[in-house]
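Here is upload09.cif, consisting of mmCIF, N, CA and C atoms:
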```
data_final
loop_
_atom_site.label_atom_id
_atom_site.label_comp_id
_atom_site.auth_asym_id
_atom_site.auth_seq_id
_atom_site.Cartn_x
_atom_site.Cartn_y
_atom_site.Cartn_z
N MET C 28 -16.65 -11.58 10.54
CA MET C 28 -15.40 -12.32 10.58
C MET C 28 -14.23 -11.33 10.47
N ALA C 29 -13.27 -11.47 11.32
CA ALA C 29 -12.12 -10.57 11.33
C ALA C 29 -11.18 -10.89 10.17
N LYS C 30 -10.66 -9.83 9.56
CA LYS C 30 -9.72 -10.00 8.45
C LYS C 30 -8.31 -10.12 9.00
N LEU C 31 -7.52 -10.96 8.37
CA LEU C 31 -6.12 -11.08 8.75
C LEU C 31 -5.31 -9.96 8.11
N ALA C 32 -4.15 -9.67 8.68
CA ALA C 32 -3.30 -8.61 8.14
C ALA C 32 -2.86 -8.94 6.72
N TYR C 33 -2.66 -10.21 6.43
CA TYR C 33 -2.24 -10.62 5.08
C TYR C 33 -3.37 -10.45 4.06
N ASP C 34 -4.62 -10.44 4.52
CA ASP C 34 -5.75 -10.21 3.62
C ASP C 34 -5.93 -8.73 3.31
N ILE C 35 -5.41 -7.85 4.16
CA ILE C 35 -5.56 -6.41 3.96
C ILE C 35 -4.41 -5.85 3.13
N ILE C 36 -3.16 -6.15 3.52
CA ILE C 36 -1.99 -5.69 2.79
C ILE C 36 -1.68 -6.74 1.72
N LEU C 37 -1.92 -6.40 0.45
CA LEU C 37 -1.74 -7.38 -0.62
C LEU C 37 -0.31 -7.44 -1.13
N LYS C 38 0.30 -6.27 -1.43
CA LYS C 38 1.69 -6.26 -1.89
C LYS C 38 2.23 -4.84 -1.83
N PRO C 39 3.56 -4.71 -1.75
CA PRO C 39 4.15 -3.36 -1.79
C PRO C 39 4.15 -2.84 -3.22
N ILE C 40 4.10 -1.52 -3.35
CA ILE C 40 4.19 -0.89 -4.66
C ILE C 40 5.57 -0.27 -4.78
N ILE C 41 6.32 -0.69 -5.80
CA ILE C 41 7.69 -0.23 -5.98
C ILE C 41 7.77 0.52 -7.30
N THR C 42 7.73 1.84 -7.22
CA THR C 42 7.86 2.71 -8.37
C THR C 42 8.88 3.79 -8.04
N GLU C 43 9.24 4.60 -9.02
CA GLU C 43 10.19 5.69 -8.74
C GLU C 43 9.61 6.64 -7.71
N HIS C 44 8.34 6.97 -7.85
CA HIS C 44 7.73 7.92 -6.92
C HIS C 44 7.66 7.34 -5.50
N SER C 45 7.30 6.06 -5.37
CA SER C 45 7.22 5.47 -4.03
C SER C 45 8.60 5.36 -3.39
N MET C 46 9.65 5.18 -4.19
CA MET C 46 11.01 5.14 -3.64
C MET C 46 11.44 6.52 -3.14
N GLU C 47 10.99 7.59 -3.80
CA GLU C 47 11.30 8.94 -3.33
C GLU C 47 10.60 9.24 -2.01
N LEU C 48 9.41 8.66 -1.80
CA LEU C 48 8.66 8.89 -0.57
C LEU C 48 9.29 8.19 0.63
N LEU C 49 10.14 7.19 0.40
CA LEU C 49 10.78 6.47 1.51
C LEU C 49 11.61 7.41 2.37
N ALA C 50 12.21 8.43 1.78
CA ALA C 50 13.04 9.38 2.54
C ALA C 50 12.19 10.14 3.55
N GLN C 51 10.89 10.29 3.28
CA GLN C 51 9.98 10.99 4.19
C GLN C 51 9.30 10.04 5.17
N GLY C 52 9.65 8.76 5.11
CA GLY C 52 9.04 7.77 6.00
C GLY C 52 7.66 7.33 5.53
N LYS C 53 7.41 7.40 4.20
CA LYS C 53 6.12 7.00 3.64
C LYS C 53 6.31 5.75 2.80
N TYR C 54 5.46 4.76 3.04
CA TYR C 54 5.54 3.47 2.36
C TYR C 54 4.22 3.23 1.63
N THR C 55 4.30 2.67 0.42
CA THR C 55 3.13 2.50 -0.44
C THR C 55 2.80 1.01 -0.60
N PHE C 56 1.51 0.68 -0.44
CA PHE C 56 1.06 -0.70 -0.54
C PHE C 56 -0.22 -0.78 -1.36
N LYS C 57 -0.40 -1.93 -2.04
CA LYS C 57 -1.69 -2.26 -2.64
C LYS C 57 -2.48 -2.96 -1.54
N VAL C 58 -3.72 -2.51 -1.30
CA VAL C 58 -4.52 -3.05 -0.20
C VAL C 58 -5.86 -3.53 -0.72
N ALA C 59 -6.57 -4.27 0.12
CA ALA C 59 -7.90 -4.77 -0.24
C ALA C 59 -8.86 -3.60 -0.42
N LYS C 60 -9.74 -3.70 -1.41
CA LYS C 60 -10.64 -2.58 -1.73
C LYS C 60 -11.61 -2.27 -0.60
N ASP C 61 -11.98 -3.26 0.21
CA ASP C 61 -12.97 -3.03 1.26
C ASP C 61 -12.34 -2.69 2.61
N SER C 62 -11.04 -2.47 2.65
CA SER C 62 -10.38 -2.14 3.92
C SER C 62 -10.40 -0.63 4.15
N ASN C 63 -10.42 -0.23 5.42
CA ASN C 63 -10.41 1.19 5.76
C ASN C 63 -9.06 1.57 6.37
N LYS C 64 -8.89 2.86 6.67
CA LYS C 64 -7.60 3.37 7.13
C LYS C 64 -7.18 2.75 8.47
N ILE C 65 -8.13 2.52 9.36
CA ILE C 65 -7.81 1.96 10.67
C ILE C 65 -7.32 0.52 10.52
N GLU C 66 -8.00 -0.26 9.68
CA GLU C 66 -7.58 -1.65 9.44
C GLU C 66 -6.20 -1.70 8.79
N ILE C 67 -5.94 -0.78 7.84
CA ILE C 67 -4.65 -0.75 7.17
C ILE C 67 -3.54 -0.43 8.16
N ALA C 68 -3.75 0.56 9.02
CA ALA C 68 -2.74 0.94 10.01
C ALA C 68 -2.44 -0.23 10.95
N LYS C 69 -3.47 -0.91 11.44
CA LYS C 69 -3.26 -2.04 12.35
C LYS C 69 -2.54 -3.19 11.66
N ALA C 70 -2.85 -3.42 10.37
CA ALA C 70 -2.21 -4.50 9.62
C ALA C 70 -0.73 -4.22 9.42
N VAL C 71 -0.37 -2.98 9.07
CA VAL C 71 1.04 -2.63 8.87
C VAL C 71 1.80 -2.74 10.18
N GLU C 72 1.19 -2.29 11.28
CA GLU C 72 1.85 -2.40 12.59
C GLU C 72 2.06 -3.87 12.97
N ALA C 73 1.09 -4.72 12.67
CA ALA C 73 1.20 -6.14 13.02
C ALA C 73 2.23 -6.86 12.15
N LEU C 74 2.25 -6.57 10.85
CA LEU C 74 3.14 -7.29 9.94
C LEU C 74 4.60 -6.86 10.10
N PHE C 75 4.84 -5.56 10.26
CA PHE C 75 6.21 -5.06 10.20
C PHE C 75 6.74 -4.57 11.54
N GLY C 76 5.93 -4.51 12.58
CA GLY C 76 6.39 -4.10 13.90
C GLY C 76 6.81 -2.64 13.96
N VAL C 77 6.07 -1.76 13.30
CA VAL C 77 6.37 -0.33 13.29
C VAL C 77 5.18 0.43 13.86
N LYS C 78 5.34 1.73 14.09
CA LYS C 78 4.27 2.59 14.60
C LYS C 78 3.80 3.49 13.46
N VAL C 79 2.52 3.43 13.13
CA VAL C 79 1.95 4.20 12.02
C VAL C 79 1.39 5.52 12.55
N ALA C 80 1.74 6.62 11.87
CA ALA C 80 1.21 7.93 12.25
C ALA C 80 -0.02 8.29 11.43
N LYS C 81 0.00 7.98 10.11
CA LYS C 81 -1.08 8.42 9.23
C LYS C 81 -1.20 7.47 8.05
N VAL C 82 -2.42 7.34 7.52
CA VAL C 82 -2.67 6.51 6.34
C VAL C 82 -3.49 7.33 5.36
N ASN C 83 -3.02 7.43 4.11
CA ASN C 83 -3.78 8.03 3.02
C ASN C 83 -4.14 6.93 2.04
N THR C 84 -5.39 6.92 1.57
CA THR C 84 -5.83 5.90 0.63
C THR C 84 -6.27 6.54 -0.69
N ILE C 85 -6.06 5.81 -1.78
CA ILE C 85 -6.44 6.25 -3.11
C ILE C 85 -7.12 5.08 -3.81
N ASN C 86 -8.31 5.32 -4.36
CA ASN C 86 -8.98 4.32 -5.19
C ASN C 86 -8.52 4.52 -6.63
N CYS C 87 -7.87 3.52 -7.22
CA CYS C 87 -7.34 3.61 -8.57
C CYS C 87 -8.30 2.90 -9.53
N ARG C 88 -8.76 3.62 -10.52
CA ARG C 88 -9.69 3.06 -11.50
C ARG C 88 -8.96 2.15 -12.48
N GLY C 89 -9.70 1.20 -13.03
CA GLY C 89 -9.15 0.35 -14.07
C GLY C 89 -8.90 1.16 -15.34
N VAL C 90 -7.95 0.72 -16.14
CA VAL C 90 -7.55 1.43 -17.35
C VAL C 90 -8.05 0.66 -18.57
N MET C 91 -8.47 1.39 -19.61
CA MET C 91 -8.90 0.76 -20.85
C MET C 91 -7.70 0.13 -21.55
N LYS C 92 -7.80 -1.13 -21.88
CA LYS C 92 -6.74 -1.85 -22.59
C LYS C 92 -7.33 -2.51 -23.83
N ARG C 93 -6.49 -2.65 -24.86
CA ARG C 93 -6.92 -3.32 -26.10
C ARG C 93 -5.97 -4.45 -26.44
N MET C 94 -6.54 -5.52 -26.95
CA MET C 94 -5.76 -6.63 -27.50
C MET C 94 -6.37 -6.94 -28.86
N GLY C 95 -5.83 -6.33 -29.91
CA GLY C 95 -6.41 -6.50 -31.23
C GLY C 95 -7.78 -5.83 -31.29
N ARG C 96 -8.80 -6.61 -31.64
CA ARG C 96 -10.15 -6.05 -31.69
C ARG C 96 -10.81 -6.00 -30.33
N ASN C 97 -10.33 -6.78 -29.39
CA ASN C 97 -10.96 -6.87 -28.08
C ASN C 97 -10.48 -5.73 -27.19
N GLU C 98 -11.40 -5.19 -26.43
CA GLU C 98 -11.02 -4.16 -25.48
C GLU C 98 -11.77 -4.37 -24.18
N GLY C 99 -11.18 -3.86 -23.11
CA GLY C 99 -11.80 -3.99 -21.80
C GLY C 99 -11.01 -3.18 -20.79
N TYR C 100 -11.42 -3.27 -19.54
CA TYR C 100 -10.77 -2.52 -18.48
C TYR C 100 -9.98 -3.46 -17.58
N THR C 101 -8.84 -2.97 -17.08
CA THR C 101 -8.12 -3.72 -16.06
C THR C 101 -8.89 -3.56 -14.75
N ALA C 102 -8.59 -4.37 -13.77
CA ALA C 102 -9.31 -4.33 -12.50
C ALA C 102 -8.97 -3.05 -11.74
N SER C 103 -9.96 -2.47 -11.07
CA SER C 103 -9.71 -1.32 -10.21
C SER C 103 -9.14 -1.84 -8.89
N TRP C 104 -8.39 -0.99 -8.19
CA TRP C 104 -7.71 -1.41 -6.96
C TRP C 104 -7.54 -0.23 -6.03
N LYS C 105 -7.05 -0.49 -4.83
CA LYS C 105 -6.89 0.55 -3.81
C LYS C 105 -5.43 0.60 -3.38
N LYS C 106 -4.93 1.84 -3.23
CA LYS C 106 -3.53 2.06 -2.84
C LYS C 106 -3.53 2.80 -1.51
N ALA C 107 -2.60 2.46 -0.63
CA ALA C 107 -2.46 3.13 0.65
C ALA C 107 -1.03 3.63 0.80
N ILE C 108 -0.90 4.90 1.20
CA ILE C 108 0.40 5.48 1.52
C ILE C 108 0.45 5.63 3.04
N VAL C 109 1.33 4.87 3.67
CA VAL C 109 1.41 4.79 5.13
C VAL C 109 2.59 5.63 5.60
N THR C 110 2.33 6.59 6.48
CA THR C 110 3.38 7.42 7.07
C THR C 110 3.70 6.87 8.46
N LEU C 111 4.98 6.59 8.70
CA LEU C 111 5.39 6.07 9.99
C LEU C 111 5.58 7.20 10.99
N ALA C 112 5.42 6.88 12.27
CA ALA C 112 5.57 7.87 13.34
C ALA C 112 7.04 8.25 13.50
N GLU C 113 7.28 9.44 14.07
CA GLU C 113 8.64 9.89 14.34
C GLU C 113 9.33 8.91 15.28
N GLY C 114 10.55 8.55 14.97
CA GLY C 114 11.31 7.64 15.82
C GLY C 114 10.98 6.17 15.62
N SER C 115 10.04 5.86 14.75
CA SER C 115 9.71 4.46 14.48
C SER C 115 10.80 3.86 13.60
N LYS C 116 11.02 2.55 13.75
CA LYS C 116 12.02 1.91 12.90
C LYS C 116 11.48 1.79 11.48
N THR C 117 12.38 1.56 10.53
CA THR C 117 11.97 1.45 9.13
C THR C 117 11.49 0.03 8.84
N ILE C 118 10.87 -0.15 7.69
CA ILE C 118 10.43 -1.48 7.25
C ILE C 118 11.59 -2.12 6.50
N ASP C 119 12.03 -3.28 6.98
CA ASP C 119 13.24 -3.93 6.46
C ASP C 119 13.14 -4.25 4.98
N PHE C 120 11.95 -4.62 4.51
CA PHE C 120 11.81 -5.01 3.10
C PHE C 120 12.22 -3.89 2.16
N PHE C 121 11.88 -2.66 2.50
CA PHE C 121 12.16 -1.54 1.63
C PHE C 121 13.60 -1.03 1.76
N ASP C 122 14.31 -1.39 2.83
CA ASP C 122 15.67 -0.89 3.04
C ASP C 122 16.63 -1.33 1.94
N GLY C 123 16.43 -2.52 1.39
CA GLY C 123 17.29 -3.00 0.32
C GLY C 123 17.04 -2.32 -1.01
N MET C 124 15.94 -1.58 -1.13
CA MET C 124 15.58 -0.94 -2.40
C MET C 124 16.30 0.39 -2.60
N ILE C 125 16.69 1.02 -1.51
CA ILE C 125 17.28 2.37 -1.59
C ILE C 125 18.69 2.33 -2.11
#
```

For the file at hand, write its structure as structure tokens.
Amino acid sequence: MAKLAYDIILKPIITEHSMELLAQGKYTFKVAKDSNKIEIAKAVEALFGVKVAKVNTINCRGVMKRMGRNEGYTASWKKAIVTLAEGSKTIDFFDGMI
């Protein structure tokens, strides 16, 4: 069964570091753990109408958290840093953040 673009790109990641990467044409997203670089690139192109040059992915491990006596791990997740091609338009959602 084919995955939809909305199932692959879960949400944008907005941190100080990801905002600094915007100047280089790099956008950061939380993505589905079972998605690969090709699926991520096609999903970003379909959702935002841009041309993707490169995709880097990072698997982020869950972190140990405590609540009183109880302890456990947060969920692990996958992050993708998408580099847009030269001359491609920017993603409108992130333009208001700068």

Fewer than 4 positions away in the same chain doesn't count, so skip those; otherwise give me all residues within 8 Å of Gly99 of chain C, counting only N, CA and C atoms, as a ChimeraX atom specification.
/C:89-94

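The space between atom CA of Val82 of chain C and atom CA of Val109 of chain C spans 4.6 Å.
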
Pick from C:Lys78, C:Lys64, C:Lys53, C:Arg88, whichever lies nearest to Thr110 of chain C using only C-alpha atoms
C:Lys53

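Closest to Ala112 of chain C among C:Ile85, C:Glu98, C:Ile67, C:Val79 is C:Val79, based on all atoms listed in the file.
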
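Atom N of Leu74 of chain C sits 13.0 Å away from atom N of Lys116 of chain C.
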
Any chance you could work out the residue set of the PyMOL selection byres ((chain C and resi 55) around 8) here, as a PDB file with N, CA and C atoms, in the coordinates of the input?
```pdb
ATOM      1  N   LYS C  38       0.300  -6.270  -1.430  1.00  0.00           N
ATOM      2  CA  LYS C  38       1.690  -6.260  -1.890  1.00  0.00           C
ATOM      3  C   LYS C  38       2.230  -4.840  -1.830  1.00  0.00           C
ATOM      4  N   PRO C  39       3.560  -4.710  -1.750  1.00  0.00           N
ATOM      5  CA  PRO C  39       4.150  -3.360  -1.790  1.00  0.00           C
ATOM      6  C   PRO C  39       4.150  -2.840  -3.220  1.00  0.00           C
ATOM      7  N   ILE C  40       4.100  -1.520  -3.350  1.00  0.00           N
ATOM      8  CA  ILE C  40       4.190  -0.890  -4.660  1.00  0.00           C
ATOM      9  C   ILE C  40       5.570  -0.270  -4.780  1.00  0.00           C
ATOM     10  N   ILE C  41       6.320  -0.690  -5.800  1.00  0.00           N
ATOM     11  CA  ILE C  41       7.690  -0.230  -5.980  1.00  0.00           C
ATOM     12  C   ILE C  41       7.770   0.520  -7.300  1.00  0.00           C
ATOM     13  N   SER C  45       7.300   6.060  -5.370  1.00  0.00           N
ATOM     14  CA  SER C  45       7.220   5.470  -4.030  1.00  0.00           C
ATOM     15  C   SER C  45       8.600   5.360  -3.390  1.00  0.00           C
ATOM     16  N   MET C  46       9.650   5.180  -4.190  1.00  0.00           N
ATOM     17  CA  MET C  46      11.010   5.140  -3.640  1.00  0.00           C
ATOM     18  C   MET C  46      11.440   6.520  -3.140  1.00  0.00           C
ATOM     19  N   LEU C  48       9.410   8.660  -1.800  1.00  0.00           N
ATOM     20  CA  LEU C  48       8.660   8.890  -0.570  1.00  0.00           C
ATOM     21  C   LEU C  48       9.290   8.190   0.630  1.00  0.00           C
ATOM     22  N   LEU C  49      10.140   7.190   0.400  1.00  0.00           N
ATOM     23  CA  LEU C  49      10.780   6.470   1.510  1.00  0.00           C
ATOM     24  C   LEU C  49      11.610   7.410   2.370  1.00  0.00           C
ATOM     25  N   GLY C  52       9.650   8.760   5.110  1.00  0.00           N
ATOM     26  CA  GLY C  52       9.040   7.770   6.000  1.00  0.00           C
ATOM     27  C   GLY C  52       7.660   7.330   5.530  1.00  0.00           C
ATOM     28  N   LYS C  53       7.410   7.400   4.200  1.00  0.00           N
ATOM     29  CA  LYS C  53       6.120   7.000   3.640  1.00  0.00           C
ATOM     30  C   LYS C  53       6.310   5.750   2.800  1.00  0.00           C
ATOM     31  N   TYR C  54       5.460   4.760   3.040  1.00  0.00           N
ATOM     32  CA  TYR C  54       5.540   3.470   2.360  1.00  0.00           C
ATOM     33  C   TYR C  54       4.220   3.230   1.630  1.00  0.00           C
ATOM     34  N   PHE C  56       1.510   0.680  -0.440  1.00  0.00           N
ATOM     35  CA  PHE C  56       1.060  -0.700  -0.540  1.00  0.00           C
ATOM     36  C   PHE C  56      -0.220  -0.780  -1.360  1.00  0.00           C
ATOM     37  N   LYS C  57      -0.400  -1.930  -2.040  1.00  0.00           N
ATOM     38  CA  LYS C  57      -1.690  -2.260  -2.640  1.00  0.00           C
ATOM     39  C   LYS C  57      -2.480  -2.960  -1.540  1.00  0.00           C
ATOM     40  N   VAL C  58      -3.720  -2.510  -1.300  1.00  0.00           N
ATOM     41  CA  VAL C  58      -4.520  -3.050  -0.200  1.00  0.00           C
ATOM     42  C   VAL C  58      -5.860  -3.530  -0.720  1.00  0.00           C
ATOM     43  N   LYS C 106      -4.930   1.840  -3.230  1.00  0.00           N
ATOM     44  CA  LYS C 106      -3.530   2.060  -2.840  1.00  0.00           C
ATOM     45  C   LYS C 106      -3.530   2.800  -1.510  1.00  0.00           C
ATOM     46  N   ALA C 107      -2.600   2.460  -0.630  1.00  0.00           N
ATOM     47  CA  ALA C 107      -2.460   3.130   0.650  1.00  0.00           C
ATOM     48  C   ALA C 107      -1.030   3.630   0.800  1.00  0.00           C
ATOM     49  N   ILE C 108      -0.900   4.900   1.200  1.00  0.00           N
ATOM     50  CA  ILE C 108       0.400   5.480   1.520  1.00  0.00           C
ATOM     51  C   ILE C 108       0.450   5.630   3.040  1.00  0.00           C
ATOM     52  N   VAL C 109       1.330   4.870   3.670  1.00  0.00           N
ATOM     53  CA  VAL C 109       1.410   4.790   5.130  1.00  0.00           C
ATOM     54  C   VAL C 109       2.590   5.630   5.600  1.00  0.00           C
ATOM     55  N   THR C 110       2.330   6.590   6.480  1.00  0.00           N
ATOM     56  CA  THR C 110       3.380   7.420   7.070  1.00  0.00           C
ATOM     57  C   THR C 110       3.700   6.870   8.460  1.00  0.00           C
TER      58      THR C 110
END
```

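Per DSSP on the backbone, strand (DSSP E or B) in segment 79-123 of chain C comprises Val79, Ala80, Lys81, Val82, Asn83, Thr84, Ile85, Asn86, Cys87, Met91, Lys92, Arg93, Met94, Asn97, Glu98, Gly99, Tyr100, Trp104, Lys105, Lys106, Ala107, Ile108, Val109, Thr110 and Leu111 of chain C.
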
When distances are computed from only C-alpha atoms, which of C:Lys69, C:Lys105, C:Arg96, C:Lys81 shows the smallest separation from Ala32 of chain C?
C:Lys69

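The spacing separating atom CA of Ala59 of chain C from atom CA of Ile35 of chain C amounts to 5.1 Å.
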
Expected answer as a VMD selection string: alpha helix (DSSP H) residues in chain C
chain C and resid 32 to 35 43 to 48 64 to 75 119 to 122

8 Å per side around segment 39-42 of chain C: axis-aligned box centre and edge lengths, as JSON:
```
{"center_x": 6.2, "center_y": -0.5, "center_z": -5.1, "size_x": 21.3, "size_y": 24.5, "size_z": 22.6}
```
